Amino acid sequence: MPELPEVETVVRSLAPSLPGRRIIRAEFKSRFVTPGDRDALASAVANRTISAIRRHGKFIVIELDRGHLIVHLGMTGKLLLDATPGTHAYGVFYLDNGVLVYDDPRQFGRIEYAQELPARVARLGPDPLAVGFTEFEQDIRSRRGVIKPLLLNQRFLRGIGNIYADEALHKARIHPKAAASRLSRERTFRLFQAINDVLRLAIEHRGSSVSDYVDGAGERGSFQLLHRVYGREGEPCLECGAPIRRIVIAQRGTHYCPRCQRR
DNA sequence: CAGATCACCTGCTTGC
DNA sequence: TGCAAGCAGGTGATCT
């Protein structure tokens with residue numbers, strides 16, 4: 001489910017109400033969602049007060065009075081305030097006022113506790129909404145492969161996923177298989193702008209609810225209605241009318257307009 | 001170190 | 001209706 005705009009929307013939906021609340025106790029039920037000692041995790045967060053919630057790439061960082069909860073939503077993770085825990089509620093935080101439920105049918109998400117951000121999380125690339133063009137251009141020049149997998153690489157930029165990679169490449173009129181380091185300066189700038197525009201617009205529309213994404217209050221986003229290529233295989237390009245094509249790049253479905261995005 | 005491939009899960013849709 | 005195959009917002013381990 002969740003890429004930068006969705007995670008940002010979840011964080012914004014929880015930020016006004018979560019800080020200041022105390023975790024009375026917590027329960028974890030999946031070795032996939034909470035690798036390691038689940039009882040240790042539960043006792044580490046018991047009695048901790050939440051001081052802040054923020055986004056780091058696609059990670060949700062919940063700052064506690066001691067340590068951090070680092071949550072990744074995987075493909076189907078949901079963090080829901082005051083929801084009833086269902087079959088896939090693999091993490092339940094009982095608060096002094098309410099309950100925070102982590103629900104994740106596919107169990108690709110993760111919940112961990114650490115004093116500081118783990119190195120693999122801290123070392124991700126810059127946030128695409130904060131990076132400057134000079135750094136973006138330098139980084140892209142130094143990379144070898146194809147542009148689409150590079151956009152999905154969180155050590156390049158943190159937060160872009162499959163939907164927004166396809167949407168940004170279409171907006172920038174760049175073929176998803178284009179060689180990253182050989183993009184002209186003009187195309188590189190178009191891509192930089194397109195990433196910014198697409199992500200900001202998606203946040204305004206509270207993310208894309210393709211199947212089951214919802215924010216912390218259970219509300220769906222609406223950006224899926226504005227997708228121009230993602231999930232539109234065979235439908236006409238909204239720019240030129242050519243049918244949108246779906247190919248596979250790096251094991252990910254990739255949607256593009258063969259006329260607007262020439263190699 | 002970077003890039004490619006596969007593995008980890010459930011659930012929904014499609015086609016026979 | 002039943003069943004198998006294919007597909008899905010993501011990362012991380014393990015190869016080369």
# chains A, B, ... in the order shown; residues from 1 in each chain; ligands from 1
call {"tool": "residues_around", "arguments": {"residues": "DC8 of chain B", "least_positions_apart": "5", "cutoff": "12 Å", "atoms": "only C-alpha atoms (C1' of nucleotides)", "output": "list in words"}}
result
Arg31, Phe32, Val33, Gly74, Met75, Arg106, Gln107, Phe108 and Gly109 of chain A; DG10, DT11, DG12 and DA13 of chain C
call {"tool": "interface_residues", "arguments": {"of": "chain A", "to": "chain B", "cutoff": "12 Å", "atoms": "only C-alpha atoms (C1' of nucleotides)", "output": "number ranges by chain"}}
result
A: 30-33, 74-76, 87-88, 104-109, 142-146, 149-150, 153, 155-156, 211-212, 249-251
call {"tool": "write_last_selection", "arguments": {"atoms": "C-alpha atoms", "output": "short mmCIF file (atom, residue, chain, number, x, y, z; two decimals), in the first residue's frame"}}
result
data_model
loop_
_atom_site.label_atom_id
_atom_site.label_comp_id
_atom_site.auth_asym_id
_atom_site.auth_seq_id
_atom_site.Cartn_x
_atom_site.Cartn_y
_atom_site.Cartn_z
CA SER A 30 3.38 -12.21 14.43
CA ARG A 31 7.00 -13.24 14.19
CA PHE A 32 7.02 -11.65 10.73
CA VAL A 33 5.76 -8.25 11.88
CA GLY A 74 4.93 -3.04 4.02
CA MET A 75 2.25 -3.56 1.37
CA THR A 76 -0.91 -3.85 3.43
CA THR A 87 -7.95 -11.00 12.40
CA HIS A 88 -4.78 -9.34 11.17
CA ASP A 104 -1.39 -6.10 8.20
CA PRO A 105 -2.88 -9.08 6.29
CA ARG A 106 0.26 -9.84 4.26
CA GLN A 107 2.64 -9.30 7.17
CA PHE A 108 5.25 -7.58 5.04
CA GLY A 109 5.33 -4.68 7.49
CA SER A 142 26.80 8.33 -10.57
CA ARG A 143 24.34 5.46 -11.02
CA ARG A 144 24.69 2.71 -13.54
CA GLY A 145 21.36 1.03 -14.23
CA VAL A 146 17.90 1.78 -15.48
CA PRO A 149 14.52 0.52 -10.46
CA LEU A 150 16.70 3.42 -9.33
CA ASN A 153 15.89 2.17 -4.55
CA ARG A 155 19.19 4.40 -0.85
CA PHE A 156 18.82 6.72 -3.84
CA SER A 211 -7.37 -1.41 -2.82
CA ASP A 212 -7.24 -1.09 0.92
CA ILE A 249 10.95 -4.18 -14.92
CA ALA A 250 12.87 -5.62 -11.98
CA GLN A 251 9.88 -7.85 -11.14
#
call {"tool": "atom_distance", "arguments": {"atom1": "atom CA of Pro176 of chain A", "atom2": "atom CA of Lys148 of chain A"}}
result
5.0 Å
call {"tool": "closest_residue", "arguments": {"among": "A:Tyr113, A:Phe192, A:Phe59, A:Phe133", "to": "chain C", "atoms": "only C-alpha atoms (C1' of nucleotides)"}}
result
A:Phe59
call {"tool": "interface_residues", "arguments": {"of": "chain A", "to": "chain C", "cutoff": "12 Å", "atoms": "only C-alpha atoms (C1' of nucleotides)", "output": "PyMOL selection string"}}
result
chain A and resi 1-7+58-59+72-78+106-110+120-121+152-155+159-165+207-214+224+230-231+248+251-253
call {"tool": "closest_residue", "arguments": {"among": "A:Gly241, A:Gly216, A:Gly98, A:Pro258", "to": "Leu14 of chain A", "atoms": "only C-alpha atoms"}}
result
A:Gly216
call {"tool": "select_by_dssp", "arguments": {"residues": "segment 75-247 of chain A", "states": "strand (DSSP E)", "output": "number ranges by chain"}}
result
A: 78-81, 89-95, 98-103, 110-114, 245-247
call {"tool": "write_last_selection", "arguments": {"atoms": "C-alpha atoms", "output": "PDB file, in the first residue's frame"}}
result
ATOM      1  CA  LYS A  78      -2.455   0.004   8.554  1.00  0.00           C
ATOM      2  CA  LEU A  79      -1.957   2.003  11.730  1.00  0.00           C
ATOM      3  CA  LEU A  80      -5.413   2.778  13.102  1.00  0.00           C
ATOM      4  CA  LEU A  81      -6.356   4.846  16.114  1.00  0.00           C
ATOM      5  CA  ALA A  89      -4.158  -7.024  14.120  1.00  0.00           C
ATOM      6  CA  TYR A  90      -0.582  -8.152  14.769  1.00  0.00           C
ATOM      7  CA  GLY A  91       0.228  -5.252  17.070  1.00  0.00           C
ATOM      8  CA  VAL A  92      -2.122  -3.644  19.589  1.00  0.00           C
ATOM      9  CA  PHE A  93      -1.056  -0.690  21.747  1.00  0.00           C
ATOM     10  CA  TYR A  94      -3.430  -0.071  24.643  1.00  0.00           C
ATOM     11  CA  LEU A  95      -3.138   3.635  25.457  1.00  0.00           C
ATOM     12  CA  GLY A  98      -7.742   4.754  23.344  1.00  0.00           C
ATOM     13  CA  VAL A  99      -6.024   2.022  21.358  1.00  0.00           C
ATOM     14  CA  LEU A 100      -3.586   2.020  18.436  1.00  0.00           C
ATOM     15  CA  VAL A 101      -3.978  -1.008  16.148  1.00  0.00           C
ATOM     16  CA  TYR A 102      -1.408  -2.275  13.662  1.00  0.00           C
ATOM     17  CA  ASP A 103      -3.243  -4.352  11.056  1.00  0.00           C
ATOM     18  CA  ARG A 110       7.598  -4.497  10.538  1.00  0.00           C
ATOM     19  CA  ILE A 111       7.460  -3.028  14.017  1.00  0.00           C
ATOM     20  CA  GLU A 112      10.689  -2.601  15.949  1.00  0.00           C
ATOM     21  CA  TYR A 113      11.900  -0.705  18.989  1.00  0.00           C
ATOM     22  CA  ALA A 114      15.324   0.896  19.260  1.00  0.00           C
ATOM     23  CA  ARG A 245       1.330  -0.330 -21.835  1.00  0.00           C
ATOM     24  CA  ARG A 246       2.285  -2.595 -18.933  1.00  0.00           C
ATOM     25  CA  ILE A 247       5.695  -4.272 -18.862  1.00  0.00           C
TER      26      ILE A 247
END
call {"tool": "atom_distance", "arguments": {"atom1": "atom CA of Ala179 of chain A", "atom2": "atom CA of Arg200 of chain A"}}
result
25.8 Å
call {"tool": "select_by_dssp", "arguments": {"residues": "segment 51-239 of chain A", "states": "helix (DSSP H, G or I)", "output": "PyMOL selection string"}}
result
chain A and resi 119-122+133-141+147-152+162-171+180-182+185-204+223-226
